[in-house]
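Structure data follow from final-v4.txt (compact mmCIF, C-alpha atoms and all ligand atoms):
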```txt
# COMPACT_ATOMS: atom_id res chain seq x y z
CA MET P 8 18.86 -2.46 -11.53
CA PRO P 9 16.51 -0.67 -13.87
CA GLU P 10 13.27 0.16 -12.15
CA LYS P 11 10.29 -1.87 -13.27
CA PHE P 12 7.95 0.22 -15.36
CA PRO P 13 4.21 0.16 -14.94
CA ALA P 14 2.47 -2.22 -17.29
CA SER P 15 0.65 0.77 -18.76
CA GLU P 16 3.95 2.14 -20.06
CA VAL P 17 4.88 0.77 -23.47
CA SER P 18 8.16 0.71 -25.34
CA VAL P 19 8.92 2.78 -28.41
CA ALA P 20 9.04 -0.42 -30.48
CA GLU P 21 5.59 -1.39 -29.25
CA VAL P 22 4.17 1.94 -30.35
CA TRP P 23 5.75 1.47 -33.78
CA LYS P 24 4.25 -2.00 -34.07
CA LEU P 25 0.86 -0.69 -33.07
CA LEU P 26 1.01 2.09 -35.65
CA GLU P 27 2.03 -0.41 -38.34
CA GLU P 28 -0.93 -2.59 -37.44
CA ARG P 29 -3.59 -0.01 -36.81
CA VAL P 30 -2.97 2.89 -39.18
CA ALA P 31 -4.44 2.04 -42.56
CA PRO P 32 -3.55 3.81 -45.81
CA LEU P 33 -6.19 6.30 -46.90
CA ASP P 34 -8.29 5.41 -49.93
CA PRO P 35 -6.87 6.51 -53.28
CA GLU P 36 -8.52 9.55 -54.82
CA ARG P 37 -8.61 11.35 -58.14
CA VAL P 38 -7.24 14.89 -58.04
CA PRO P 39 -6.53 17.61 -60.60
CA LEU P 40 -2.93 17.81 -61.81
CA ALA P 41 -2.46 21.04 -59.84
CA ASP P 42 -2.94 19.06 -56.60
CA ALA P 43 -1.02 15.96 -57.65
CA ARG P 44 2.62 17.01 -57.25
CA GLY P 45 4.46 14.85 -54.77
CA ARG P 46 1.71 12.25 -54.55
CA LEU P 47 2.04 8.58 -55.41
CA LEU P 48 0.40 7.51 -58.64
CA LEU P 49 -1.82 4.52 -57.82
CA ALA P 50 -2.92 3.36 -61.28
CA ASP P 51 -0.89 2.72 -64.43
CA VAL P 52 -1.15 5.57 -66.91
CA LYS P 53 -1.13 4.59 -70.58
CA ALA P 54 -0.55 6.56 -73.73
CA ASP P 55 -3.99 7.43 -75.17
CA LEU P 56 -2.51 7.92 -78.64
CA ASP P 57 0.71 6.99 -80.38
CA GLN P 58 3.48 9.35 -79.26
CA PRO P 59 4.11 11.34 -81.31
CA PRO P 60 0.61 10.97 -82.74
CA PHE P 61 1.73 11.65 -86.34
CA ASP P 62 5.02 11.88 -88.26
CA ARG P 63 6.29 15.35 -87.44
CA SER P 64 9.16 17.47 -88.61
CA ALA P 65 11.98 17.91 -86.12
CA VAL P 66 13.29 21.05 -87.83
CA ASP P 67 12.36 24.08 -89.88
CA GLY P 68 13.17 23.28 -93.51
CA TYR P 69 11.95 21.46 -96.60
CA ALA P 70 10.34 18.03 -96.89
CA PHE P 71 10.92 15.96 -100.02
CA ILE P 72 11.64 12.46 -101.27
CA PRO P 73 15.31 11.88 -100.38
CA ASN P 74 17.90 10.76 -102.90
CA SER P 75 16.02 12.36 -105.79
CA SER P 76 18.57 12.83 -108.50
CA THR P 77 17.93 16.54 -108.99
CA ALA P 78 19.45 18.98 -106.57
CA LYS P 79 16.91 21.64 -107.54
CA LEU P 80 13.34 21.27 -106.25
CA ARG P 81 10.19 23.31 -106.73
CA VAL P 82 8.44 24.42 -103.50
CA ILE P 83 4.76 23.45 -103.78
CA GLY P 84 3.42 24.85 -100.52
CA VAL P 85 3.93 25.57 -96.82
CA VAL P 86 2.88 23.67 -93.71
CA LYS P 87 3.41 24.84 -90.15
CA ALA P 88 2.68 23.23 -86.79
CA GLY P 89 -1.05 22.71 -86.37
CA GLU P 90 -1.74 22.60 -90.11
CA VAL P 91 -2.05 19.70 -92.54
CA ALA P 92 -0.50 19.89 -96.04
CA SER P 93 -3.00 19.57 -98.91
CA ARG P 94 -0.69 17.15 -100.69
CA ALA P 95 2.69 15.48 -100.39
CA PRO P 96 5.64 16.56 -102.56
CA GLY P 97 6.35 14.29 -105.54
CA PRO P 98 9.63 13.81 -107.40
CA GLY P 99 11.32 17.16 -108.07
CA GLU P 100 9.17 18.89 -105.47
CA ALA P 101 9.62 20.12 -101.91
CA LEU P 102 7.26 21.28 -99.18
CA ARG P 103 8.22 24.20 -96.92
CA ILE P 104 7.73 22.77 -93.41
CA PHE P 105 8.18 23.99 -89.85
CA THR P 106 9.09 22.23 -86.62
CA GLY P 107 6.23 20.10 -85.29
CA ALA P 108 4.23 20.17 -88.52
CA PRO P 109 2.93 16.86 -89.89
CA VAL P 110 5.10 15.28 -92.58
CA PRO P 111 2.45 14.44 -95.17
CA ALA P 112 3.67 11.05 -96.45
CA PRO P 113 5.89 8.18 -95.37
CA GLY P 114 9.35 8.02 -96.88
CA LEU P 115 9.96 11.77 -96.88
CA ALA P 116 12.88 13.46 -95.19
CA VAL P 117 13.29 17.05 -94.05
CA LEU P 118 16.25 19.21 -95.02
CA MET P 119 17.24 21.86 -92.51
CA GLN P 120 16.66 25.29 -94.00
CA GLU P 121 20.34 26.12 -93.47
CA ASP P 122 21.13 23.43 -96.08
CA ALA P 123 18.94 24.91 -98.79
CA VAL P 124 19.54 27.85 -101.12
CA VAL P 125 16.28 29.58 -102.05
CA GLU P 126 15.86 30.94 -105.57
CA GLY P 127 12.34 32.24 -106.23
CA ASP P 128 9.94 29.29 -105.75
CA CYS P 129 12.76 26.74 -105.99
CA ILE P 130 15.45 25.50 -103.65
CA THR P 131 18.84 24.04 -104.31
CA VAL P 132 19.73 21.21 -101.95
CA LYS P 133 23.22 21.53 -100.49
CA ARG P 134 23.39 18.08 -98.89
CA SER P 135 21.79 14.70 -99.47
CA LEU P 136 19.32 13.18 -96.99
CA THR P 137 18.55 9.66 -95.87
CA PRO P 138 14.90 8.52 -95.74
CA GLY P 139 13.24 9.65 -92.52
CA GLU P 140 15.94 12.13 -91.62
CA ASN P 141 14.63 14.87 -89.29
CA VAL P 142 11.23 13.15 -89.10
CA ARG P 143 9.90 12.09 -85.66
CA VAL P 144 7.96 9.02 -86.65
CA ARG P 145 4.50 8.35 -85.26
CA GLY P 146 4.66 6.01 -82.26
CA SER P 147 8.46 6.24 -81.96
CA ASP P 148 8.23 7.36 -78.31
CA ALA P 149 5.27 5.17 -77.34
CA ARG P 150 2.39 3.26 -78.83
CA ALA P 151 -1.22 3.90 -77.81
CA GLY P 152 -1.84 1.65 -74.79
CA ASP P 153 1.80 1.50 -73.66
CA VAL P 154 2.23 2.12 -69.94
CA LEU P 155 4.00 5.47 -69.67
CA LEU P 156 3.95 5.73 -65.87
CA PRO P 157 3.45 2.66 -63.71
CA SER P 158 1.45 2.70 -60.52
CA GLY P 159 3.70 3.55 -57.57
CA VAL P 160 5.79 6.36 -59.01
CA ARG P 161 5.98 9.66 -57.19
CA LEU P 162 4.63 12.48 -59.32
CA ASN P 163 7.45 14.91 -59.99
CA PRO P 164 7.14 17.81 -62.45
CA VAL P 165 8.13 15.69 -65.46
CA ALA P 166 5.66 12.95 -64.51
CA LEU P 167 2.92 15.59 -64.24
CA ALA P 168 3.85 16.88 -67.69
CA LEU P 169 3.66 13.34 -69.03
CA LEU P 170 0.18 12.92 -67.54
CA ALA P 171 -0.86 16.17 -69.19
CA SER P 172 0.54 14.96 -72.53
CA VAL P 173 -1.77 11.95 -72.52
CA GLY P 174 -4.80 13.85 -71.24
CA GLU P 175 -4.75 12.23 -67.78
CA VAL P 176 -5.91 15.36 -65.97
CA ARG P 177 -7.30 13.64 -62.86
CA PRO P 178 -4.85 10.89 -61.94
CA VAL P 179 -5.54 8.34 -59.22
CA VAL P 180 -3.21 9.14 -56.32
CA ASN P 181 -2.86 8.43 -52.64
CA GLY P 182 -5.33 10.17 -50.37
CA VAL P 183 -3.90 12.77 -48.02
CA PRO P 184 -4.97 13.01 -44.42
CA HIS P 185 -7.17 15.81 -43.17
CA LEU P 186 -5.22 17.15 -40.22
CA ALA P 187 -6.62 18.89 -37.15
CA HIS P 188 -4.24 20.20 -34.51
CA ALA P 189 -5.00 21.82 -31.17
CA THR P 190 -2.48 23.35 -28.83
CA THR P 191 -3.62 23.55 -25.21
CA GLY P 192 -2.94 25.45 -22.02
CA ASP P 193 -4.18 28.67 -20.38
CA GLU P 194 -0.58 29.90 -20.19
CA ILE P 195 -0.09 29.87 -23.96
CA VAL P 196 -0.34 33.13 -25.91
CA PRO P 197 0.06 33.72 -29.66
CA PRO P 198 3.61 34.31 -30.91
CA GLU P 199 2.86 37.95 -31.71
CA ALA P 200 1.74 38.67 -28.12
CA THR P 201 4.02 39.90 -25.32
CA PRO P 202 3.76 37.21 -22.66
CA GLY P 203 2.45 38.37 -19.29
CA PRO P 204 3.60 36.81 -16.02
CA GLY P 205 3.63 33.03 -16.31
CA GLN P 206 2.76 33.05 -19.99
CA ILE P 207 4.54 31.25 -22.81
CA ARG P 208 4.37 31.92 -26.54
CA ASN P 209 2.77 29.24 -28.69
CA SER P 210 5.77 27.79 -30.46
CA ASN P 211 4.31 24.30 -30.86
CA GLN P 212 1.65 25.49 -33.28
CA VAL P 213 4.29 26.83 -35.66
CA LEU P 214 6.53 23.82 -35.11
CA MET P 215 3.74 21.42 -35.95
CA ALA P 216 2.64 23.22 -39.10
CA ALA P 217 6.20 23.36 -40.40
CA LEU P 218 6.96 19.73 -39.53
CA LEU P 219 3.82 18.61 -41.35
CA GLN P 220 4.73 20.66 -44.40
CA ASN P 221 8.17 19.08 -44.45
CA LEU P 222 6.64 15.65 -44.61
CA ASN P 223 4.97 15.77 -47.94
CA ALA P 224 1.75 16.53 -46.14
CA ARG P 225 1.68 19.84 -47.93
CA ASN P 226 -1.35 18.71 -49.87
CA SER P 227 -3.20 18.03 -46.65
CA PRO P 228 -5.69 20.49 -45.31
CA LEU P 229 -4.36 21.50 -41.89
CA HIS P 230 -6.62 23.12 -39.32
CA GLN P 231 -5.04 24.57 -36.18
CA GLU P 232 -6.59 26.15 -33.14
CA HIS P 233 -5.77 26.77 -29.51
CA TRP P 234 -7.69 25.36 -26.57
CA GLY P 235 -7.22 26.58 -23.01
CA ASP P 236 -7.33 24.32 -19.99
CA ASP P 237 -11.14 24.07 -19.95
CA ALA P 238 -11.84 20.41 -20.67
CA ALA P 239 -15.51 20.96 -21.49
CA HIS P 240 -14.66 23.51 -24.16
CA ALA P 241 -11.96 21.20 -25.56
CA ALA P 242 -14.40 18.28 -25.63
CA SER P 243 -16.94 20.32 -27.57
CA ARG P 244 -14.30 21.37 -30.08
CA LEU P 245 -13.17 17.75 -30.48
CA ALA P 246 -16.79 16.83 -31.26
CA ALA P 247 -17.09 19.58 -33.90
CA GLU P 248 -15.64 19.81 -37.38
CA PRO P 249 -12.92 19.66 -38.52
CA PHE P 250 -11.82 17.56 -35.54
CA ALA P 251 -14.86 15.29 -35.70
CA SER P 252 -13.88 13.80 -39.05
CA ALA P 253 -10.15 14.55 -39.34
CA ASP P 254 -8.02 11.56 -40.33
CA LEU P 255 -5.29 12.61 -37.95
CA ILE P 256 -6.02 14.55 -34.76
CA LEU P 257 -3.12 16.09 -32.88
CA ILE P 258 -3.41 17.57 -29.42
CA SER P 259 -0.29 19.28 -28.07
CA GLY P 260 0.05 19.52 -24.30
CA GLY P 261 -2.18 18.19 -21.58
CA ALA P 262 -1.17 14.61 -22.36
CA SER P 263 0.10 13.90 -18.85
CA VAL P 264 -1.83 13.06 -15.68
CA GLY P 265 -2.13 16.49 -14.00
CA GLU P 266 -5.58 17.84 -13.15
CA HIS P 267 -5.53 20.10 -16.19
CA ASP P 268 -4.25 17.40 -18.50
CA TYR P 269 -7.51 16.51 -20.16
CA ALA P 270 -6.35 15.11 -23.51
CA ALA P 271 -6.75 11.44 -22.51
CA ARG P 272 -10.10 12.08 -20.89
CA ILE P 273 -11.71 13.94 -23.77
CA LEU P 274 -10.38 11.47 -26.34
CA GLU P 275 -11.77 8.55 -24.37
CA ASN P 276 -15.09 10.25 -23.79
CA ALA P 277 -15.28 10.86 -27.53
CA GLY P 278 -14.95 7.14 -28.18
CA PHE P 279 -11.23 6.83 -28.87
CA GLU P 280 -9.52 3.67 -27.73
CA LEU P 281 -6.22 4.68 -26.09
CA PRO P 282 -3.80 1.76 -26.12
CA VAL P 283 -0.86 4.09 -25.42
CA ARG P 284 -0.75 6.62 -22.60
CA LYS P 285 2.89 6.56 -21.59
CA VAL P 286 5.95 5.52 -23.52
CA ASN P 287 9.27 4.51 -22.08
CA LEU P 288 11.46 7.17 -23.61
CA ARG P 289 13.03 10.49 -22.89
CA PRO P 290 12.02 13.16 -23.68
CA GLY P 291 8.34 12.65 -24.28
CA ARG P 292 7.02 10.06 -21.88
CA PRO P 293 3.43 11.26 -21.74
CA LEU P 294 2.24 10.31 -25.20
CA LEU P 295 -1.27 9.28 -26.12
CA VAL P 296 -2.11 7.22 -29.17
CA GLY P 297 -5.78 6.70 -29.91
CA PHE P 298 -7.94 5.09 -32.56
CA ARG P 299 -11.60 5.59 -33.43
CA GLY P 300 -12.65 3.75 -36.59
CA LYS P 301 -10.11 4.86 -39.17
CA GLN P 302 -9.19 8.02 -37.25
CA VAL P 303 -5.87 8.30 -35.47
CA ALA P 304 -5.23 10.69 -32.58
CA PHE P 305 -2.06 11.68 -30.78
CA GLY P 306 -1.73 13.53 -27.52
CA LEU P 307 1.76 15.00 -27.52
CA PRO P 308 3.67 16.40 -24.57
CA GLY P 309 3.68 20.20 -24.61
CA ASN P 310 7.36 20.62 -23.91
CA PRO P 311 8.83 21.68 -27.24
CA VAL P 312 11.69 19.16 -27.31
CA SER P 313 9.39 16.29 -26.33
CA HIS P 314 6.91 17.54 -28.90
CA PHE P 315 9.58 17.46 -31.59
CA VAL P 316 10.85 14.02 -30.62
CA CYS P 317 7.37 12.46 -30.40
CA PHE P 318 6.48 13.96 -33.75
CA HIS P 319 9.48 12.40 -35.46
CA LEU P 320 9.26 9.08 -33.69
CA PHE P 321 5.53 8.49 -33.91
CA VAL P 322 3.39 11.05 -35.74
CA ARG P 323 5.67 10.84 -38.74
CA LEU P 324 5.21 7.09 -38.95
CA ALA P 325 1.43 7.45 -38.80
CA LEU P 326 1.55 10.05 -41.57
CA CYS P 327 3.68 7.74 -43.69
CA ARG P 328 1.19 4.92 -43.20
CA LEU P 329 -1.80 7.12 -44.05
CA GLN P 330 -0.11 8.46 -47.18
CA ARG P 331 1.53 5.17 -48.22
CA ASN P 332 5.03 6.61 -47.89
CA THR P 333 7.94 4.42 -46.97
CA PRO P 334 8.93 5.21 -43.38
CA ALA P 335 12.35 6.75 -42.86
CA LYS P 336 15.12 4.25 -42.17
CA TRP P 337 17.15 4.37 -38.98
CA LEU P 338 20.84 4.53 -39.83
CA LYS P 339 23.84 3.36 -37.83
CA LEU P 340 26.16 6.36 -37.74
CA ARG P 341 29.28 7.15 -35.75
CA LEU P 342 29.59 9.81 -33.10
CA GLU P 343 32.25 12.36 -33.88
CA LYS P 344 32.43 13.57 -30.28
CA PRO P 345 31.83 11.66 -27.06
CA LEU P 346 28.73 11.93 -24.92
CA ILE P 347 29.71 11.60 -21.27
CA ASN P 348 27.91 11.04 -17.96
CA ILE P 349 24.48 10.61 -19.40
CA ALA P 350 23.12 7.56 -17.59
CA ASN P 351 19.35 7.52 -17.54
CA ARG P 352 17.05 4.59 -16.97
CA ARG P 353 15.07 5.45 -20.09
CA PRO P 354 16.14 5.23 -23.71
CA THR P 355 16.89 8.80 -24.73
CA TYR P 356 16.50 10.28 -28.17
CA TRP P 357 19.24 12.85 -28.32
CA PRO P 358 19.45 15.74 -30.80
CA GLY P 359 22.55 15.94 -32.94
CA VAL P 360 24.05 17.47 -36.03
CA MET P 361 24.99 15.16 -38.84
CA THR P 362 28.08 16.33 -40.69
CA ARG P 363 29.47 15.08 -43.94
CA GLY P 364 33.21 14.74 -43.62
CA ASP P 365 34.94 11.40 -43.86
CA GLY P 366 31.56 9.67 -44.12
CA LEU P 367 28.49 10.76 -42.18
CA ARG P 368 29.15 11.61 -38.53
CA ILE P 369 27.07 12.83 -35.63
CA GLN P 370 27.90 15.62 -33.22
CA PRO P 371 25.73 15.54 -30.10
CA LEU P 372 24.08 18.86 -29.27
CA PRO P 373 24.05 20.16 -25.72
CA TRP P 374 20.60 19.55 -24.34
CA ASN P 375 19.41 20.66 -20.90
CA ASN P 376 15.79 19.69 -20.60
CA SER P 377 12.69 19.03 -22.62
CA GLY P 378 11.86 22.73 -22.85
CA HIS P 379 15.20 23.57 -24.40
CA LEU P 380 14.04 24.53 -27.87
CA ALA P 381 17.21 26.44 -28.77
CA ALA P 382 19.17 23.17 -28.52
CA LEU P 383 17.12 21.84 -31.41
CA ALA P 384 17.60 24.66 -33.84
CA GLU P 385 20.55 23.01 -35.53
CA ALA P 386 19.48 19.40 -35.03
CA ASN P 387 19.10 17.34 -38.15
CA VAL P 388 19.18 13.95 -36.44
CA LEU P 389 17.93 12.23 -33.32
CA PHE P 390 20.02 9.35 -32.08
CA LEU P 391 19.34 6.71 -29.48
CA VAL P 392 21.23 6.66 -26.20
CA PRO P 393 20.34 3.27 -24.69
CA PRO P 394 19.18 3.09 -21.05
CA GLU P 395 21.84 3.13 -18.33
CA THR P 396 24.55 4.26 -20.74
CA GLN P 397 27.30 6.07 -18.78
CA GLU P 398 29.24 7.25 -21.76
CA LEU P 399 29.26 6.99 -25.52
CA PRO P 400 32.87 7.41 -26.69
CA ALA P 401 33.73 9.11 -29.96
CA GLY P 402 33.43 6.56 -32.74
CA SER P 403 30.46 4.75 -31.16
CA LYS P 404 27.81 3.68 -33.63
CA VAL P 405 24.38 5.00 -32.76
CA ASP P 406 20.88 4.40 -34.17
CA THR P 407 20.05 7.60 -36.00
CA LEU P 408 16.92 9.11 -37.51
CA ILE P 409 17.33 12.01 -39.89
CA VAL P 410 14.97 14.80 -38.91
CA GLY P 411 16.17 17.72 -40.97
CA ALA P 412 17.90 18.52 -44.21
CA PRO P 413 20.77 20.88 -43.56
CA LEU P 414 24.18 19.26 -43.50
CA ARG P 415 27.25 21.20 -42.52
CA SER P 416 30.31 20.11 -44.43
P1 LIG P 501 1.92 20.22 -20.84
O1 LIG P 501 2.29 19.09 -21.70
O2 LIG P 501 0.59 20.80 -21.19
O3 LIG P 501 1.98 19.82 -19.40
O4 LIG P 501 2.98 21.33 -21.05
C1 LIG P 501 4.33 21.08 -20.71
C2 LIG P 501 5.16 22.33 -20.90
O5 LIG P 501 5.15 22.69 -22.26
C3 LIG P 501 4.66 23.53 -20.14
O6 LIG P 501 5.75 24.24 -19.62
C4 LIG P 501 3.97 24.34 -21.20
O7 LIG P 501 3.95 25.70 -20.89
C5 LIG P 501 4.78 24.04 -22.42
N1 LIG P 501 3.90 24.15 -23.59
C6 LIG P 501 2.69 23.59 -23.71
N2 LIG P 501 2.12 23.92 -24.88
C7 LIG P 501 3.03 24.70 -25.51
C8 LIG P 501 3.01 25.39 -26.76
N3 LIG P 501 1.96 25.28 -27.58
N4 LIG P 501 4.11 26.09 -27.10
C9 LIG P 501 5.16 26.19 -26.26
N5 LIG P 501 5.22 25.57 -25.07
C10 LIG P 501 4.16 24.85 -24.68
MG MG P 502 -0.75 22.13 -20.31
```
So that I can check it, write out the structure of this file as structure tokens.
Ligand code: AMP
Ligand code: MG
Amino acid sequence: MPEKFPASEVSVAEVWKLLEERVAPLDPERVPLADARGRLLLADVKADLDQPPFDRSAVDGYAFIPNSSTAKLRVIGVVKAGEVASRAPGPGEALRIFTGAPVPAPGLAVLMQEDAVVEGDCITVKRSLTPGENVRVRGSDARAGDVLLPSGVRLNPVALALLASVGEVRPVVNGVPHLAHATTGDEIVPPEATPGPGQIRNSNQVLMAALLQNLNARNSPLHQEHWGDDAAHAASRLAAEPFASADLILISGGASVGEHDYAARILENAGFELPVRKVNLRPGRPLLVGFRGKQVAFGLPGNPVSHFVCFHLFVRLALCRLQRNTPAKWLKLRLEKPLINIANRRPTYWPGVMTRGDGLRIQPLPWNNSGHLAALAEANVLFLVPPETQELPAGSKVDTLIVGAPLRS
């Protein structure tokens, strides 16, 4: 019989529901185009002028009235891009014109220069033209007021160029969260240090920064610092900027119930409501989720594998909500190799490698314990092993979350 869990321990699904309910999208903001890549456009963008704004030549050549009976035309002037011709060519006349220059009258066509023979100030036309040939007519791409980009599109490079083309230099886009992250623990030293006895390098700081960057949070200001095990110091840092007003506060380590695990205490003392303190999952049971006004805080377990799993299962969802991104879908994928003798009373989120062979398949990765960071290096999925599962045979379908890009073929 599965052991009964304390009422304070919530299920993964309950945490998801809570995040859906409590994490509100950030207010839209206007940002310069240089900061807008990857954001969601949140207001329709219309053409300010007809596109193109005037009839323009598509080629370098000669503009004239097509179908004029004479094949020989007198060149009356030159117009290049950015200039305006003083007059339009009449019958028997041609205007030297370059790509992008305004075609001075309706009904003209432009002959490519390759199709003209130049003799002094005249040309001989080698081929006949139809009206409008090689002329990009005003408004042929869009009319002033037409919606060029509807609200809701993600701003890729072409969309940004389109915004620039209509003078929308500060589009309305989704707000991005201000992120403040603290790692904790007296035993933690910077990655460049040589650990002394009992010391561990700070891998979670690097992991967190990179995970956040991967999640389209690259526009977000991220502040990171390290706190030791002194709760008073940590509390004072939590009360100071940038933690005081960050949209998303992340504290790695110290989320459990040991004497030095102060994350819950300092969050509560700072006015955070903590509806989640423990989650029924493996790895990553000690997980704190807190809310204060519109601010969201997570206390993540310090063990690197737990840290990784809790990030993907929970922090990622909160980030999606804040930034109005669609949360990643869980897929049902088949195991390529069996997973044997794994019974645990908790649902386990197991690292695996997704391969693309005959359809998408999962290979479970060997995984010893929640500190086993090397096991994760290749992982691009987490999949659910339900509680009390003795064995998952090859071919079993498992609930899978993609957590990384690389796919081995
Ligand atoms: P904690 O959650 O603070 O109890 O830490 C659990 C385990 O994770 C301990 O073995 C810590 O040394 C380790 N740990 C905590 N923080 C980090 C970190 N920033 N980088 C690497 N390991 C960590
Ligand atoms: Mg600790």
### Message
Distance limit 7 Å, reference ligand LIG 501 (chain P), atoms considered: only C-alpha atoms and all ligand atoms. Which residues make the cut? Give them as a PyMOL selection string.
### Response
chain P and resi 190-192+194-195+207-212+259-263+268+308-311+378
## Note on the structure
For ligand MG 502 (chain P), the closest of P:Leu288, P:Leu391, P:Ile349, P:Ala189 counting all atoms listed in the file is P:Ala189
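In this comparison, which uses all atoms listed in the file, the residue of P:Lys285, P:His188, P:Arg331, P:Arg143 approaching Leu49 in chain P most closely is P:Arg331.
When all atoms listed in the file are used to compute distances to ligand MG 502 (chain P), the closest of the residues P:Leu214, P:Leu155, P:Cys327, P:Val264 turns out to be P:Val264.
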#### Entry: Exercise: Leu80 in chain P partners within 6 Å, all atoms listed in the file, chain neighbours under 4 positions left out, as a VMD selection string
chain P and resid 99 to 101 129 to 130
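Take CA of Gly68 in chain P and CA of Val91 in chain P: the distance between them is 15.7 Å.
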